[in-house]
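S.K.: Next up is a structure, given as structure tokens.
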Amino acid sequence: MIYSTSIQNLHDSLHEWRKHQESIAFVPTMGNLHAGHIELIKIAKTKAKRVVVSIFVNPLQFGEHDDFTRYPRTLEEDSRILEALDADLLFHPTAQDIYPEKAQTIVSVHNLANQYCGVARPGHFDGVATIVCKLFNLITPTIAVFGCKDFQQLTLIKIMVRDLHLPIEILGVKTIRDTHGLALSSRNSYLTEDETKQARLLYQTLTHAKEKIITHHTDFTKIEQTAIDNLKAAGFTPEYFKICRSNDLEPAQLIDNEIVILTAARLGKTRLIDNIAFSKPV
Ligand code: PAF
């Protein structure tokens, strides 16, 4: 595996592949790789000749009160995982390389950036769109692979790629869960043992709301409110629980068939997000 820590070195490494017109699948990450990332990389390997993985804890997507400094950084172990998966290149740039002092440009996907997770984390999605756009420009992949766990992020990136005419296919991969349904996330490492058990209730609440919708309950506001009340009663501090149209994340109407329910809730010091996407029976 090639290990690139600078933009110049990345360009030199990609040059040969470009010369031979080899296709590139790209998996952007912030490291602390878990089974969810491994699945993305395995799928990426089936989609192109070369696989590039980036590890960059992007300061621009963390707010003042977010966990930038305590975000788990496990580069050695991550590199071992990537070697074992036979990834072709690991791009691990410095913040100075990515955000030189003179940089003035931010990529912002209105209005989605300011909804749902964007309410509690102002600026977060501008940080995500900016870093992903930069990485796309640097790596020029044919396809980029993201987890569906952050459904809002995935949707926002699809919109950015469409709006900026970027010639990149975006592939969303099903969320990997533990045996109790908890979505895998680097942030799960912040949960205590008791909180880990409690955290499973988030997906159960999503599943319950889905059951209501597919059994023709039509009062979406009531379903959302019941879920919020149940999460509060179980010790969560819910931020939102929203039934949306899955293509653009607008609030779902009764005529919509492709649905995603999005939620974010705090448990102790940990902020958890999850979602469930499904087609309504006709
Ligand atoms: O999902 C993540 O890990 C990050 O938001 C991403 C896409 C790597 C951008 O920093």
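Identifiers in the structure tokens: chain A, B, ... in order shown; residue index from 1 per chain; ligand index from 1 in order shown.
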Among the residues of stretch 225-254 of chain A, find those DSSP assigns to alpha helix (DSSP H) from the backbone and print them as a ChimeraX atom specification.
M.R.: /A:225-233
S.K.: How about saving the chosen residues, C-alpha atoms kept, as an mmCIF file, in the first residue's frame?
M.R.:
```cif
data_model
loop_
_atom_site.group_PDB
_atom_site.id
_atom_site.type_symbol
_atom_site.label_atom_id
_atom_site.label_comp_id
_atom_site.auth_asym_id
_atom_site.auth_seq_id
_atom_site.Cartn_x
_atom_site.Cartn_y
_atom_site.Cartn_z
ATOM 1 C CA GLN A 225 -43.771 12.826 18.926
ATOM 2 C CA THR A 226 -44.338 9.347 20.425
ATOM 3 C CA ALA A 227 -40.804 8.364 19.417
ATOM 4 C CA ILE A 228 -39.344 11.529 21.006
ATOM 5 C CA ASP A 229 -41.329 10.864 24.218
ATOM 6 C CA ASN A 230 -40.168 7.222 24.341
ATOM 7 C CA LEU A 231 -36.536 8.197 23.815
ATOM 8 C CA LYS A 232 -36.766 10.813 26.569
ATOM 9 C CA ALA A 233 -38.354 8.281 28.921
#
```
S.K.: What residues of the protein or nucleic acid chains come within 8 Å of ligand 1 when you use only C-alpha atoms and all ligand atoms? Reply as a VMD selection string.
M.R.: chain A and resid 27 to 31 54 to 58 61 127 to 129 131 to 132 146 to 147 150 153
S.K.: For the selection just defined, write its residues with N, CA, C and O atoms to a file, as a PDB file, in the first residue's frame.
M.R.:
```pdb
ATOM      1  N   VAL A  27     -12.730   5.888  -0.647  1.00  0.00           N
ATOM      2  CA  VAL A  27     -13.474   5.800   0.618  1.00  0.00           C
ATOM      3  C   VAL A  27     -12.902   6.856   1.572  1.00  0.00           C
ATOM      4  O   VAL A  27     -11.815   6.667   2.127  1.00  0.00           O
ATOM      5  N   PRO A  28     -13.625   7.977   1.765  1.00  0.00           N
ATOM      6  CA  PRO A  28     -13.136   8.983   2.713  1.00  0.00           C
ATOM      7  C   PRO A  28     -13.497   8.591   4.140  1.00  0.00           C
ATOM      8  O   PRO A  28     -14.627   8.145   4.394  1.00  0.00           O
ATOM      9  N   THR A  29     -12.551   8.729   5.070  1.00  0.00           N
ATOM     10  CA  THR A  29     -12.840   8.393   6.466  1.00  0.00           C
ATOM     11  C   THR A  29     -12.116   9.385   7.382  1.00  0.00           C
ATOM     12  O   THR A  29     -11.235  10.119   6.939  1.00  0.00           O
ATOM     13  N   MET A  30     -12.491   9.328   8.658  1.00  0.00           N
ATOM     14  CA  MET A  30     -11.730  10.076   9.662  1.00  0.00           C
ATOM     15  C   MET A  30     -10.951   9.086  10.536  1.00  0.00           C
ATOM     16  O   MET A  30     -10.543   9.413  11.648  1.00  0.00           O
ATOM     17  N   GLY A  31     -10.761   7.875  10.019  1.00  0.00           N
ATOM     18  CA  GLY A  31      -9.974   6.884  10.750  1.00  0.00           C
ATOM     19  C   GLY A  31     -10.773   6.167  11.821  1.00  0.00           C
ATOM     20  O   GLY A  31     -12.004   6.184  11.806  1.00  0.00           O
ATOM     21  N   SER A  54      -8.921   7.726   2.489  1.00  0.00           N
ATOM     22  CA  SER A  54      -8.308   8.870   3.179  1.00  0.00           C
ATOM     23  C   SER A  54      -8.629   8.775   4.661  1.00  0.00           C
ATOM     24  O   SER A  54      -9.703   8.300   5.056  1.00  0.00           O
ATOM     25  N   ILE A  55      -7.665   9.199   5.458  1.00  0.00           N
ATOM     26  CA  ILE A  55      -7.880   9.343   6.901  1.00  0.00           C
ATOM     27  C   ILE A  55      -7.520  10.776   7.233  1.00  0.00           C
ATOM     28  O   ILE A  55      -6.352  11.180   7.121  1.00  0.00           O
ATOM     29  N   PHE A  56      -8.529  11.561   7.588  1.00  0.00           N
ATOM     30  CA  PHE A  56      -8.282  12.973   7.924  1.00  0.00           C
ATOM     31  C   PHE A  56      -9.370  13.417   8.888  1.00  0.00           C
ATOM     32  O   PHE A  56     -10.553  13.425   8.529  1.00  0.00           O
ATOM     33  N   VAL A  57      -8.976  13.706  10.113  1.00  0.00           N
ATOM     34  CA  VAL A  57      -9.942  14.216  11.093  1.00  0.00           C
ATOM     35  C   VAL A  57     -10.097  15.703  10.772  1.00  0.00           C
ATOM     36  O   VAL A  57      -9.205  16.505  11.071  1.00  0.00           O
ATOM     37  N   ASN A  58     -11.189  16.007  10.110  1.00  0.00           N
ATOM     38  CA  ASN A  58     -11.375  17.299   9.449  1.00  0.00           C
ATOM     39  C   ASN A  58     -11.814  18.381  10.445  1.00  0.00           C
ATOM     40  O   ASN A  58     -12.987  18.392  10.854  1.00  0.00           O
ATOM     41  N   GLN A  61     -15.287  20.408  10.206  1.00  0.00           N
ATOM     42  CA  GLN A  61     -16.637  19.883  10.439  1.00  0.00           C
ATOM     43  C   GLN A  61     -16.945  19.718  11.930  1.00  0.00           C
ATOM     44  O   GLN A  61     -17.987  19.182  12.290  1.00  0.00           O
ATOM     45  N   GLY A 127     -18.399  22.067   6.504  1.00  0.00           N
ATOM     46  CA  GLY A 127     -17.094  21.427   6.702  1.00  0.00           C
ATOM     47  C   GLY A 127     -17.006  20.114   5.948  1.00  0.00           C
ATOM     48  O   GLY A 127     -15.988  19.814   5.315  1.00  0.00           O
ATOM     49  N   VAL A 128     -18.092  19.335   5.995  1.00  0.00           N
ATOM     50  CA  VAL A 128     -18.099  18.038   5.292  1.00  0.00           C
ATOM     51  C   VAL A 128     -18.043  18.265   3.780  1.00  0.00           C
ATOM     52  O   VAL A 128     -17.222  17.658   3.076  1.00  0.00           O
ATOM     53  N   ALA A 129     -18.913  19.155   3.273  1.00  0.00           N
ATOM     54  CA  ALA A 129     -18.963  19.375   1.818  1.00  0.00           C
ATOM     55  C   ALA A 129     -17.611  19.902   1.322  1.00  0.00           C
ATOM     56  O   ALA A 129     -17.117  19.485   0.268  1.00  0.00           O
ATOM     57  N   ILE A 131     -14.503  19.504   2.674  1.00  0.00           N
ATOM     58  CA  ILE A 131     -13.426  18.501   2.652  1.00  0.00           C
ATOM     59  C   ILE A 131     -13.679  17.438   1.581  1.00  0.00           C
ATOM     60  O   ILE A 131     -12.748  17.028   0.869  1.00  0.00           O
ATOM     61  N   VAL A 132     -14.939  17.023   1.434  1.00  0.00           N
ATOM     62  CA  VAL A 132     -15.210  15.969   0.446  1.00  0.00           C
ATOM     63  C   VAL A 132     -14.952  16.504  -0.963  1.00  0.00           C
ATOM     64  O   VAL A 132     -14.356  15.815  -1.803  1.00  0.00           O
ATOM     65  N   PHE A 146     -19.800   5.721   0.508  1.00  0.00           N
ATOM     66  CA  PHE A 146     -20.142   6.272   1.824  1.00  0.00           C
ATOM     67  C   PHE A 146     -21.114   5.333   2.526  1.00  0.00           C
ATOM     68  O   PHE A 146     -21.907   4.647   1.871  1.00  0.00           O
ATOM     69  N   GLY A 147     -21.102   5.376   3.863  1.00  0.00           N
ATOM     70  CA  GLY A 147     -22.081   4.608   4.618  1.00  0.00           C
ATOM     71  C   GLY A 147     -23.424   5.334   4.632  1.00  0.00           C
ATOM     72  O   GLY A 147     -23.474   6.567   4.603  1.00  0.00           O
ATOM     73  N   ASP A 150     -24.893   7.910   8.033  1.00  0.00           N
ATOM     74  CA  ASP A 150     -25.125   9.351   8.028  1.00  0.00           C
ATOM     75  C   ASP A 150     -25.861   9.693   6.735  1.00  0.00           C
ATOM     76  O   ASP A 150     -25.269  10.105   5.747  1.00  0.00           O
ATOM     77  N   GLN A 153     -25.648  13.259   5.429  1.00  0.00           N
ATOM     78  CA  GLN A 153     -24.354  13.501   4.778  1.00  0.00           C
ATOM     79  C   GLN A 153     -24.339  12.918   3.362  1.00  0.00           C
ATOM     80  O   GLN A 153     -23.934  13.568   2.406  1.00  0.00           O
TER      81      GLN A 153
END
```
S.K.: I'd like the contact shell of A:Asn257 - 9 Å cut-off, only C-alpha atoms, skipping same-chain residues fewer than 2 positions apart - returned as number ranges by chain.
M.R.: A: 245-246, 252-255, 259, 278-282
S.K.: Just give me the gap between atom CA of A:Phe68 and atom CA of A:Ala95 in Å, one decimal is fine.
M.R.: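 Taking atom CA of A:Phe68 as the start and atom CA of A:Ala95 as the end point, the length is 12.8 Å.
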S.K.: Which residue out of A:Asn137, A:Thr207, A:Gln104, A:Ser79 has the minimum interatomic distance to A:Ile2 when only C-alpha atoms are used?
M.R.: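 Closest residue, counting only C-alpha atoms: A:Ser79.
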S.K.: One decimal, Å: what's the distance from atom CA of A:Arg271 over to atom CA of A:Ile176, could you say?
M.R.: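 Those two atoms sit 17.9 Å apart.
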